file final_0.cif (mmCIF, N, CA and C atoms, pLDDT in the B column; chains and numbers go by the auth columns)
data_entry
#
loop_
_atom_site.group_PDB
_atom_site.id
_atom_site.type_symbol
_atom_site.label_atom_id
_atom_site.label_comp_id
_atom_site.label_asym_id
_atom_site.label_seq_id
_atom_site.Cartn_x
_atom_site.Cartn_y
_atom_site.Cartn_z
_atom_site.B_iso_or_equiv
_atom_site.auth_seq_id
_atom_site.auth_asym_id
ATOM 1 N N MET A 1 1.239 22.190 1.572 86.00 1 W
ATOM 2 C CA MET A 1 0.465 21.085 2.099 86.00 1 W
ATOM 3 C C MET A 1 0.570 19.908 1.124 86.00 1 W
ATOM 4 N N PRO A 2 0.891 18.720 1.618 86.00 2 W
ATOM 5 C CA PRO A 2 1.036 17.564 0.721 86.00 2 W
ATOM 6 C C PRO A 2 -0.315 17.041 0.245 86.00 2 W
ATOM 7 N N TYR A 3 -0.273 16.397 -0.903 94.00 3 W
ATOM 8 C CA TYR A 3 -1.438 15.626 -1.330 94.00 3 W
ATOM 9 C C TYR A 3 -1.545 14.425 -0.405 94.00 3 W
ATOM 10 N N ARG A 4 -2.749 13.933 -0.242 97.00 4 W
ATOM 11 C CA ARG A 4 -2.976 12.738 0.560 97.00 4 W
ATOM 12 C C ARG A 4 -3.777 11.749 -0.283 97.00 4 W
ATOM 13 N N VAL A 5 -3.274 10.513 -0.347 98.00 5 W
ATOM 14 C CA VAL A 5 -3.937 9.465 -1.117 98.00 5 W
ATOM 15 C C VAL A 5 -4.155 8.276 -0.200 98.00 5 W
ATOM 16 N N THR A 6 -5.385 7.783 -0.133 98.00 6 W
ATOM 17 C CA THR A 6 -5.713 6.584 0.639 98.00 6 W
ATOM 18 C C THR A 6 -6.340 5.569 -0.292 98.00 6 W
ATOM 19 N N PHE A 7 -5.763 4.371 -0.327 98.00 7 W
ATOM 20 C CA PHE A 7 -6.334 3.267 -1.083 98.00 7 W
ATOM 21 C C PHE A 7 -7.190 2.443 -0.134 98.00 7 W
ATOM 22 N N VAL A 8 -8.369 2.015 -0.599 97.00 8 W
ATOM 23 C CA VAL A 8 -9.310 1.291 0.259 97.00 8 W
ATOM 24 C C VAL A 8 -9.712 -0.012 -0.409 97.00 8 W
ATOM 25 N N CYS A 9 -9.669 -1.099 0.363 94.00 9 W
ATOM 26 C CA CYS A 9 -10.250 -2.370 -0.069 94.00 9 W
ATOM 27 C C CYS A 9 -10.992 -2.960 1.131 94.00 9 W
ATOM 28 N N THR A 10 -11.504 -4.129 0.992 94.00 10 W
ATOM 29 C CA THR A 10 -12.343 -4.705 2.031 94.00 10 W
ATOM 30 C C THR A 10 -11.614 -4.908 3.352 94.00 10 W
ATOM 31 N N GLY A 11 -10.480 -5.618 3.334 95.00 11 W
ATOM 32 C CA GLY A 11 -9.825 -5.953 4.588 95.00 11 W
ATOM 33 C C GLY A 11 -8.488 -5.294 4.824 95.00 11 W
ATOM 34 N N ASN A 12 -7.957 -4.575 3.862 95.00 12 W
ATOM 35 C CA ASN A 12 -6.654 -3.919 3.936 95.00 12 W
ATOM 36 C C ASN A 12 -5.511 -4.905 4.158 95.00 12 W
ATOM 37 N N ILE A 13 -5.581 -6.051 3.503 94.00 13 W
ATOM 38 C CA ILE A 13 -4.455 -6.998 3.563 94.00 13 W
ATOM 39 C C ILE A 13 -3.964 -7.393 2.172 94.00 13 W
ATOM 40 N N CYS A 14 -4.629 -6.931 1.120 94.00 14 W
ATOM 41 C CA CYS A 14 -4.175 -7.338 -0.219 94.00 14 W
ATOM 42 C C CYS A 14 -4.131 -6.161 -1.190 94.00 14 W
ATOM 43 N N ARG A 15 -5.242 -5.783 -1.757 95.00 15 W
ATOM 44 C CA ARG A 15 -5.241 -4.770 -2.826 95.00 15 W
ATOM 45 C C ARG A 15 -4.778 -3.396 -2.362 95.00 15 W
ATOM 46 N N SER A 16 -5.351 -2.903 -1.278 96.00 16 W
ATOM 47 C CA SER A 16 -4.997 -1.537 -0.872 96.00 16 W
ATOM 48 C C SER A 16 -3.559 -1.420 -0.375 96.00 16 W
ATOM 49 N N PRO A 17 -3.025 -2.387 0.407 95.00 17 W
ATOM 50 C CA PRO A 17 -1.616 -2.227 0.775 95.00 17 W
ATOM 51 C C PRO A 17 -0.680 -2.365 -0.428 95.00 17 W
ATOM 52 N N MET A 18 -1.065 -3.184 -1.406 96.00 18 W
ATOM 53 C CA MET A 18 -0.238 -3.308 -2.607 96.00 18 W
ATOM 54 C C MET A 18 -0.198 -1.976 -3.346 96.00 18 W
ATOM 55 N N ALA A 19 -1.344 -1.368 -3.534 97.00 19 W
ATOM 56 C CA ALA A 19 -1.395 -0.073 -4.212 97.00 19 W
ATOM 57 C C ALA A 19 -0.630 0.986 -3.423 97.00 19 W
ATOM 58 N N GLU A 20 -0.751 0.930 -2.089 96.00 20 W
ATOM 59 C CA GLU A 20 -0.025 1.882 -1.240 96.00 20 W
ATOM 60 C C GLU A 20 1.478 1.790 -1.456 96.00 20 W
ATOM 61 N N TRP A 21 2.033 0.582 -1.422 96.00 21 W
ATOM 62 C CA TRP A 21 3.484 0.424 -1.561 96.00 21 W
ATOM 63 C C TRP A 21 3.969 0.798 -2.952 96.00 21 W
ATOM 64 N N ILE A 22 3.179 0.492 -3.970 97.00 22 W
ATOM 65 C CA ILE A 22 3.580 0.858 -5.333 97.00 22 W
ATOM 66 C C ILE A 22 3.603 2.380 -5.484 97.00 22 W
ATOM 67 N N LEU A 23 2.553 3.059 -5.015 97.00 23 W
ATOM 68 C CA LEU A 23 2.547 4.512 -5.130 97.00 23 W
ATOM 69 C C LEU A 23 3.631 5.137 -4.255 97.00 23 W
ATOM 70 N N ARG A 24 3.856 4.621 -3.050 96.00 24 W
ATOM 71 C CA ARG A 24 4.931 5.137 -2.193 96.00 24 W
ATOM 72 C C ARG A 24 6.280 5.086 -2.921 96.00 24 W
ATOM 73 N N HIS A 25 6.524 3.983 -3.615 96.00 25 W
ATOM 74 C CA HIS A 25 7.768 3.822 -4.364 96.00 25 W
ATOM 75 C C HIS A 25 7.915 4.933 -5.411 96.00 25 W
ATOM 76 N N HIS A 26 6.875 5.140 -6.194 96.00 26 W
ATOM 77 C CA HIS A 26 6.943 6.128 -7.273 96.00 26 W
ATOM 78 C C HIS A 26 6.998 7.559 -6.731 96.00 26 W
ATOM 79 N N VAL A 27 6.290 7.825 -5.645 97.00 27 W
ATOM 80 C CA VAL A 27 6.345 9.140 -5.013 97.00 27 W
ATOM 81 C C VAL A 27 7.770 9.435 -4.538 97.00 27 W
ATOM 82 N N ALA A 28 8.392 8.447 -3.899 96.00 28 W
ATOM 83 C CA ALA A 28 9.768 8.627 -3.414 96.00 28 W
ATOM 84 C C ALA A 28 10.734 8.840 -4.577 96.00 28 W
ATOM 85 N N GLU A 29 10.573 8.061 -5.648 96.00 29 W
ATOM 86 C CA GLU A 29 11.447 8.219 -6.819 96.00 29 W
ATOM 87 C C GLU A 29 11.368 9.623 -7.403 96.00 29 W
ATOM 88 N N GLU A 30 10.186 10.194 -7.400 97.00 30 W
ATOM 89 C CA GLU A 30 9.977 11.513 -8.001 97.00 30 W
ATOM 90 C C GLU A 30 10.185 12.651 -7.004 97.00 30 W
ATOM 91 N N GLY A 31 10.362 12.316 -5.717 97.00 31 W
ATOM 92 C CA GLY A 31 10.555 13.345 -4.705 97.00 31 W
ATOM 93 C C GLY A 31 9.324 14.209 -4.465 97.00 31 W
ATOM 94 N N LEU A 32 8.165 13.615 -4.604 97.00 32 W
ATOM 95 C CA LEU A 32 6.910 14.360 -4.461 97.00 32 W
ATOM 96 C C LEU A 32 6.484 14.455 -2.998 97.00 32 W
ATOM 97 N N ASP A 33 5.733 15.489 -2.684 96.00 33 W
ATOM 98 C CA ASP A 33 5.211 15.685 -1.335 96.00 33 W
ATOM 99 C C ASP A 33 3.802 15.090 -1.272 96.00 33 W
ATOM 100 N N VAL A 34 3.738 13.767 -1.089 97.00 34 W
ATOM 101 C CA VAL A 34 2.466 13.048 -1.076 97.00 34 W
ATOM 102 C C VAL A 34 2.473 12.085 0.097 97.00 34 W
ATOM 103 N N GLU A 35 1.401 12.098 0.881 97.00 35 W
ATOM 104 C CA GLU A 35 1.220 11.128 1.960 97.00 35 W
ATOM 105 C C GLU A 35 0.337 10.006 1.429 97.00 35 W
ATOM 106 N N VAL A 36 0.803 8.775 1.577 98.00 36 W
ATOM 107 C CA VAL A 36 0.091 7.626 1.028 98.00 36 W
ATOM 108 C C VAL A 36 -0.196 6.641 2.147 98.00 36 W
ATOM 109 N N ASP A 37 -1.429 6.138 2.204 96.00 37 W
ATOM 110 C CA ASP A 37 -1.759 5.081 3.146 96.00 37 W
ATOM 111 C C ASP A 37 -2.863 4.210 2.563 96.00 37 W
ATOM 112 N N SER A 38 -3.295 3.239 3.352 96.00 38 W
ATOM 113 C CA SER A 38 -4.355 2.348 2.911 96.00 38 W
ATOM 114 C C SER A 38 -5.233 1.997 4.100 96.00 38 W
ATOM 115 N N SER A 39 -6.438 1.558 3.793 95.00 39 W
ATOM 116 C CA SER A 39 -7.373 1.180 4.846 95.00 39 W
ATOM 117 C C SER A 39 -8.371 0.167 4.299 95.00 39 W
ATOM 118 N N GLY A 40 -9.145 -0.400 5.220 95.00 40 W
ATOM 119 C CA GLY A 40 -10.159 -1.381 4.842 95.00 40 W
ATOM 120 C C GLY A 40 -11.540 -0.917 5.259 95.00 40 W
ATOM 121 N N THR A 41 -12.547 -1.491 4.630 95.00 41 W
ATOM 122 C CA THR A 41 -13.922 -1.134 4.977 95.00 41 W
ATOM 123 C C THR A 41 -14.448 -1.957 6.144 95.00 41 W
ATOM 124 N N GLY A 42 -13.788 -3.072 6.450 93.00 42 W
ATOM 125 C CA GLY A 42 -14.196 -3.920 7.566 93.00 42 W
ATOM 126 C C GLY A 42 -13.105 -3.991 8.609 93.00 42 W
ATOM 127 N N SER A 43 -13.447 -4.463 9.792 90.00 43 W
ATOM 128 C CA SER A 43 -12.489 -4.454 10.904 90.00 43 W
ATOM 129 C C SER A 43 -11.895 -5.823 11.222 90.00 43 W
ATOM 130 N N TRP A 44 -12.243 -6.856 10.470 89.00 44 W
ATOM 131 C CA TRP A 44 -11.812 -8.211 10.838 89.00 44 W
ATOM 132 C C TRP A 44 -10.321 -8.464 10.644 89.00 44 W
ATOM 133 N N HIS A 45 -9.596 -7.598 9.927 92.00 45 W
ATOM 134 C CA HIS A 45 -8.149 -7.770 9.739 92.00 45 W
ATOM 135 C C HIS A 45 -7.333 -6.680 10.440 92.00 45 W
ATOM 136 N N VAL A 46 -7.949 -5.930 11.333 91.00 46 W
ATOM 137 C CA VAL A 46 -7.243 -4.856 12.034 91.00 46 W
ATOM 138 C C VAL A 46 -6.020 -5.435 12.738 91.00 46 W
ATOM 139 N N GLY A 47 -4.872 -4.822 12.499 89.00 47 W
ATOM 140 C CA GLY A 47 -3.628 -5.268 13.115 89.00 47 W
ATOM 141 C C GLY A 47 -2.885 -6.347 12.355 89.00 47 W
ATOM 142 N N ASP A 48 -3.506 -6.919 11.321 92.00 48 W
ATOM 143 C CA ASP A 48 -2.851 -7.956 10.524 92.00 48 W
ATOM 144 C C ASP A 48 -1.894 -7.332 9.515 92.00 48 W
ATOM 145 N N ASP A 49 -0.820 -8.053 9.216 90.00 49 W
ATOM 146 C CA ASP A 49 0.087 -7.655 8.151 90.00 49 W
ATOM 147 C C ASP A 49 -0.569 -7.934 6.804 90.00 49 W
ATOM 148 N N ALA A 50 0.054 -7.431 5.754 92.00 50 W
ATOM 149 C CA ALA A 50 -0.425 -7.739 4.407 92.00 50 W
ATOM 150 C C ALA A 50 -0.360 -9.245 4.173 92.00 50 W
ATOM 151 N N ASP A 51 -1.259 -9.748 3.369 94.00 51 W
ATOM 152 C CA ASP A 51 -1.291 -11.157 3.009 94.00 51 W
ATOM 153 C C ASP A 51 0.055 -11.554 2.394 94.00 51 W
ATOM 154 N N ASP A 52 0.528 -12.753 2.717 95.00 52 W
ATOM 155 C CA ASP A 52 1.822 -13.222 2.200 95.00 52 W
ATOM 156 C C ASP A 52 1.896 -13.184 0.678 95.00 52 W
ATOM 157 N N ARG A 53 0.794 -13.481 0.007 96.00 53 W
ATOM 158 C CA ARG A 53 0.786 -13.456 -1.458 96.00 53 W
ATOM 159 C C ARG A 53 0.977 -12.043 -1.993 96.00 53 W
ATOM 160 N N THR A 54 0.436 -11.068 -1.280 95.00 54 W
ATOM 161 C CA THR A 54 0.630 -9.670 -1.658 95.00 54 W
ATOM 162 C C THR A 54 2.092 -9.285 -1.520 95.00 54 W
ATOM 163 N N VAL A 55 2.682 -9.643 -0.387 95.00 55 W
ATOM 164 C CA VAL A 55 4.096 -9.334 -0.139 95.00 55 W
ATOM 165 C C VAL A 55 4.974 -10.007 -1.180 95.00 55 W
ATOM 166 N N GLN A 56 4.704 -11.260 -1.487 96.00 56 W
ATOM 167 C CA GLN A 56 5.494 -11.985 -2.491 96.00 56 W
ATOM 168 C C GLN A 56 5.366 -11.333 -3.869 96.00 56 W
ATOM 169 N N ALA A 57 4.152 -10.937 -4.240 96.00 57 W
ATOM 170 C CA ALA A 57 3.950 -10.299 -5.546 96.00 57 W
ATOM 171 C C ALA A 57 4.694 -8.973 -5.622 96.00 57 W
ATOM 172 N N LEU A 58 4.657 -8.198 -4.541 96.00 58 W
ATOM 173 C CA LEU A 58 5.393 -6.933 -4.524 96.00 58 W
ATOM 174 C C LEU A 58 6.886 -7.166 -4.663 96.00 58 W
ATOM 175 N N ARG A 59 7.408 -8.112 -3.940 95.00 59 W
ATOM 176 C CA ARG A 59 8.856 -8.401 -3.993 95.00 59 W
ATOM 177 C C ARG A 59 9.263 -8.903 -5.379 95.00 59 W
ATOM 178 N N ARG A 60 8.442 -9.755 -5.987 96.00 60 W
ATOM 179 C CA ARG A 60 8.751 -10.239 -7.333 96.00 60 W
ATOM 180 C C ARG A 60 8.822 -9.086 -8.335 96.00 60 W
ATOM 181 N N ALA A 61 7.994 -8.076 -8.092 95.00 61 W
ATOM 182 C CA ALA A 61 7.958 -6.914 -8.999 95.00 61 W
ATOM 183 C C ALA A 61 9.029 -5.880 -8.645 95.00 61 W
ATOM 184 N N GLY A 62 9.813 -6.139 -7.594 94.00 62 W
ATOM 185 C CA GLY A 62 10.898 -5.248 -7.247 94.00 62 W
ATOM 186 C C GLY A 62 10.560 -4.171 -6.226 94.00 62 W
ATOM 187 N N TYR A 63 9.402 -4.278 -5.601 92.00 63 W
ATOM 188 C CA TYR A 63 9.016 -3.312 -4.567 92.00 63 W
ATOM 189 C C TYR A 63 9.356 -3.873 -3.203 92.00 63 W
ATOM 190 N N ARG A 64 9.814 -2.981 -2.299 80.00 64 W
ATOM 191 C CA ARG A 64 10.023 -3.436 -0.930 80.00 64 W
ATOM 192 C C ARG A 64 8.686 -3.274 -0.215 80.00 64 W
ATOM 193 N N SER A 65 8.459 -4.092 0.752 67.00 65 W
ATOM 194 C CA SER A 65 7.180 -3.994 1.478 67.00 65 W
ATOM 195 C C SER A 65 7.393 -4.210 2.940 67.00 65 W
#
call {"tool": "encode", "arguments": {"input": "final_0.cif", "output": "structure tokens"}}
result
Amino acid sequence: MPYRVTFVCTGNICRSPMAEWILRHHVAEEGLDVEVDSSGTGSWHVGDDADDRTVQALRRAGYRS
């Protein structure tokens, strides 16, 4: 059974998706059996993509998003 990790922030458009993609990258590099996702505590951003600044920061750091 895989480990499951969920990152949570308020709207799930900045902090939690960033943490999700960073951990996904490292899990894949190590070949670990871990399910990673993210969520928000509020519903006002449901269906929205990650904030552009989050995506840009991830790409600058070498992560795909």
call {"tool": "select_by_dssp", "arguments": {"input": "final_0.cif", "residues": "chain W", "states": "strand (DSSP E)", "output": "list in words"}}
result
Tyr3, Arg4, Val5, Thr6, Phe7, Val8, Cys9, Val34, Glu35, Val36, Asp37, Ser38, Ser39 and Gly40 of chain W
call {"tool": "residues_near_point", "arguments": {"input": "final_0.cif", "point": "(1.3, 18.0, 4.2)", "cutoff": "7 Å", "atoms": "all atoms listed in the file", "output": "list in words"}}
result
Met1, Pro2, Tyr3, Asp33 and Glu35 of chain W
call {"tool": "write_last_selection", "arguments": {"input": "final_0.cif", "atoms": "N, CA and C atoms", "output": "PDB file, keeping the file's coordinate frame"}}
result
ATOM      1  N   MET W   1       1.239  22.190   1.572  1.00 86.00           N
ATOM      2  CA  MET W   1       0.465  21.085   2.099  1.00 86.00           C
ATOM      3  C   MET W   1       0.570  19.908   1.124  1.00 86.00           C
ATOM      4  N   PRO W   2       0.891  18.720   1.618  1.00 86.00           N
ATOM      5  CA  PRO W   2       1.036  17.564   0.721  1.00 86.00           C
ATOM      6  C   PRO W   2      -0.315  17.041   0.245  1.00 86.00           C
ATOM      7  N   TYR W   3      -0.273  16.397  -0.903  1.00 94.00           N
ATOM      8  CA  TYR W   3      -1.438  15.626  -1.330  1.00 94.00           C
ATOM      9  C   TYR W   3      -1.545  14.425  -0.405  1.00 94.00           C
ATOM     10  N   ASP W  33       5.733  15.489  -2.684  1.00 96.00           N
ATOM     11  CA  ASP W  33       5.211  15.685  -1.335  1.00 96.00           C
ATOM     12  C   ASP W  33       3.802  15.090  -1.272  1.00 96.00           C
ATOM     13  N   GLU W  35       1.401  12.098   0.881  1.00 97.00           N
ATOM     14  CA  GLU W  35       1.220  11.128   1.960  1.00 97.00           C
ATOM     15  C   GLU W  35       0.337  10.006   1.429  1.00 97.00           C
TER      16      GLU W  35
END
call {"tool": "axis_aligned_box", "arguments": {"input": "final_0.cif", "around": "range 49-61 of chain W", "padding_each_side": "3 Å", "output": "JSON"}}
result
{"center_x": 4.0, "center_y": -9.7, "center_z": 0.1, "size_x": 16.6, "size_y": 13.6, "size_z": 24.2}
call {"tool": "atom_distance", "arguments": {"input": "final_0.cif", "atom1": "atom C of Gly47 in chain W", "atom2": "atom C of Ile13 in chain W"}}
result
10.3 Å
call {"tool": "select_by_dssp", "arguments": {"input": "final_0.cif", "residues": "chain W", "states": "helix (DSSP H, G or I)", "output": "list in words"}}
result
Arg15, Ser16, Pro17, Met18, Ala19, Glu20, Trp21, Ile22, Leu23, Arg24, His25, His26, Val27, Ala28, Glu29, Glu30, Asp52, Arg53, Thr54, Val55, Gln56, Ala57, Leu58, Arg59 and Arg60 of chain W
call {"tool": "residues_near_point", "arguments": {"input": "final_0.cif", "point": "(-4.5, -11.8, 2.0)", "cutoff": "8 Å", "atoms": "all atoms listed in the file", "output": "VMD selection string"}}
result
chain W and resid 12 to 15 49 to 55
call {"tool": "build_atoms", "arguments": {"input": "final_0.cif", "residues": "range 38-49 of chain W", "atoms": "N, CA, C and O atoms", "output": "PDB file, in the coordinates of the input"}}
result
ATOM      1  N   SER W  38      -3.295   3.239   3.352  1.00 96.00           N
ATOM      2  CA  SER W  38      -4.355   2.348   2.911  1.00 96.00           C
ATOM      3  C   SER W  38      -5.233   1.997   4.100  1.00 96.00           C
ATOM      4  O   SER W  38      -4.828   2.118   5.255  1.00 96.00           O
ATOM      5  N   SER W  39      -6.438   1.558   3.793  1.00 95.00           N
ATOM      6  CA  SER W  39      -7.373   1.180   4.846  1.00 95.00           C
ATOM      7  C   SER W  39      -8.371   0.167   4.299  1.00 95.00           C
ATOM      8  O   SER W  39      -8.408  -0.098   3.106  1.00 95.00           O
ATOM      9  N   GLY W  40      -9.145  -0.400   5.220  1.00 95.00           N
ATOM     10  CA  GLY W  40     -10.159  -1.381   4.842  1.00 95.00           C
ATOM     11  C   GLY W  40     -11.540  -0.917   5.259  1.00 95.00           C
ATOM     12  O   GLY W  40     -11.687  -0.076   6.140  1.00 95.00           O
ATOM     13  N   THR W  41     -12.547  -1.491   4.630  1.00 95.00           N
ATOM     14  CA  THR W  41     -13.922  -1.134   4.977  1.00 95.00           C
ATOM     15  C   THR W  41     -14.448  -1.957   6.144  1.00 95.00           C
ATOM     16  O   THR W  41     -15.443  -1.591   6.752  1.00 95.00           O
ATOM     17  N   GLY W  42     -13.788  -3.072   6.450  1.00 93.00           N
ATOM     18  CA  GLY W  42     -14.196  -3.920   7.566  1.00 93.00           C
ATOM     19  C   GLY W  42     -13.105  -3.991   8.609  1.00 93.00           C
ATOM     20  O   GLY W  42     -11.953  -3.649   8.358  1.00 93.00           O
ATOM     21  N   SER W  43     -13.447  -4.463   9.792  1.00 90.00           N
ATOM     22  CA  SER W  43     -12.489  -4.454  10.904  1.00 90.00           C
ATOM     23  C   SER W  43     -11.895  -5.823  11.222  1.00 90.00           C
ATOM     24  O   SER W  43     -11.099  -5.947  12.145  1.00 90.00           O
ATOM     25  N   TRP W  44     -12.243  -6.856  10.470  1.00 89.00           N
ATOM     26  CA  TRP W  44     -11.812  -8.211  10.838  1.00 89.00           C
ATOM     27  C   TRP W  44     -10.321  -8.464  10.644  1.00 89.00           C
ATOM     28  O   TRP W  44      -9.792  -9.426  11.155  1.00 89.00           O
ATOM     29  N   HIS W  45      -9.596  -7.598   9.927  1.00 92.00           N
ATOM     30  CA  HIS W  45      -8.149  -7.770   9.739  1.00 92.00           C
ATOM     31  C   HIS W  45      -7.333  -6.680  10.440  1.00 92.00           C
ATOM     32  O   HIS W  45      -6.148  -6.537  10.160  1.00 92.00           O
ATOM     33  N   VAL W  46      -7.949  -5.930  11.333  1.00 91.00           N
ATOM     34  CA  VAL W  46      -7.243  -4.856  12.034  1.00 91.00           C
ATOM     35  C   VAL W  46      -6.020  -5.435  12.738  1.00 91.00           C
ATOM     36  O   VAL W  46      -6.106  -6.434  13.447  1.00 91.00           O
ATOM     37  N   GLY W  47      -4.872  -4.822  12.499  1.00 89.00           N
ATOM     38  CA  GLY W  47      -3.628  -5.268  13.115  1.00 89.00           C
ATOM     39  C   GLY W  47      -2.885  -6.347  12.355  1.00 89.00           C
ATOM     40  O   GLY W  47      -1.751  -6.663  12.685  1.00 89.00           O
ATOM     41  N   ASP W  48      -3.506  -6.919  11.321  1.00 92.00           N
ATOM     42  CA  ASP W  48      -2.851  -7.956  10.524  1.00 92.00           C
ATOM     43  C   ASP W  48      -1.894  -7.332   9.515  1.00 92.00           C
ATOM     44  O   ASP W  48      -2.128  -6.235   9.011  1.00 92.00           O
ATOM     45  N   ASP W  49      -0.820  -8.053   9.216  1.00 90.00           N
ATOM     46  CA  ASP W  49       0.087  -7.655   8.151  1.00 90.00           C
ATOM     47  C   ASP W  49      -0.569  -7.934   6.804  1.00 90.00           C
ATOM     48  O   ASP W  49      -1.589  -8.630   6.719  1.00 90.00           O
TER      49      ASP W  49
END
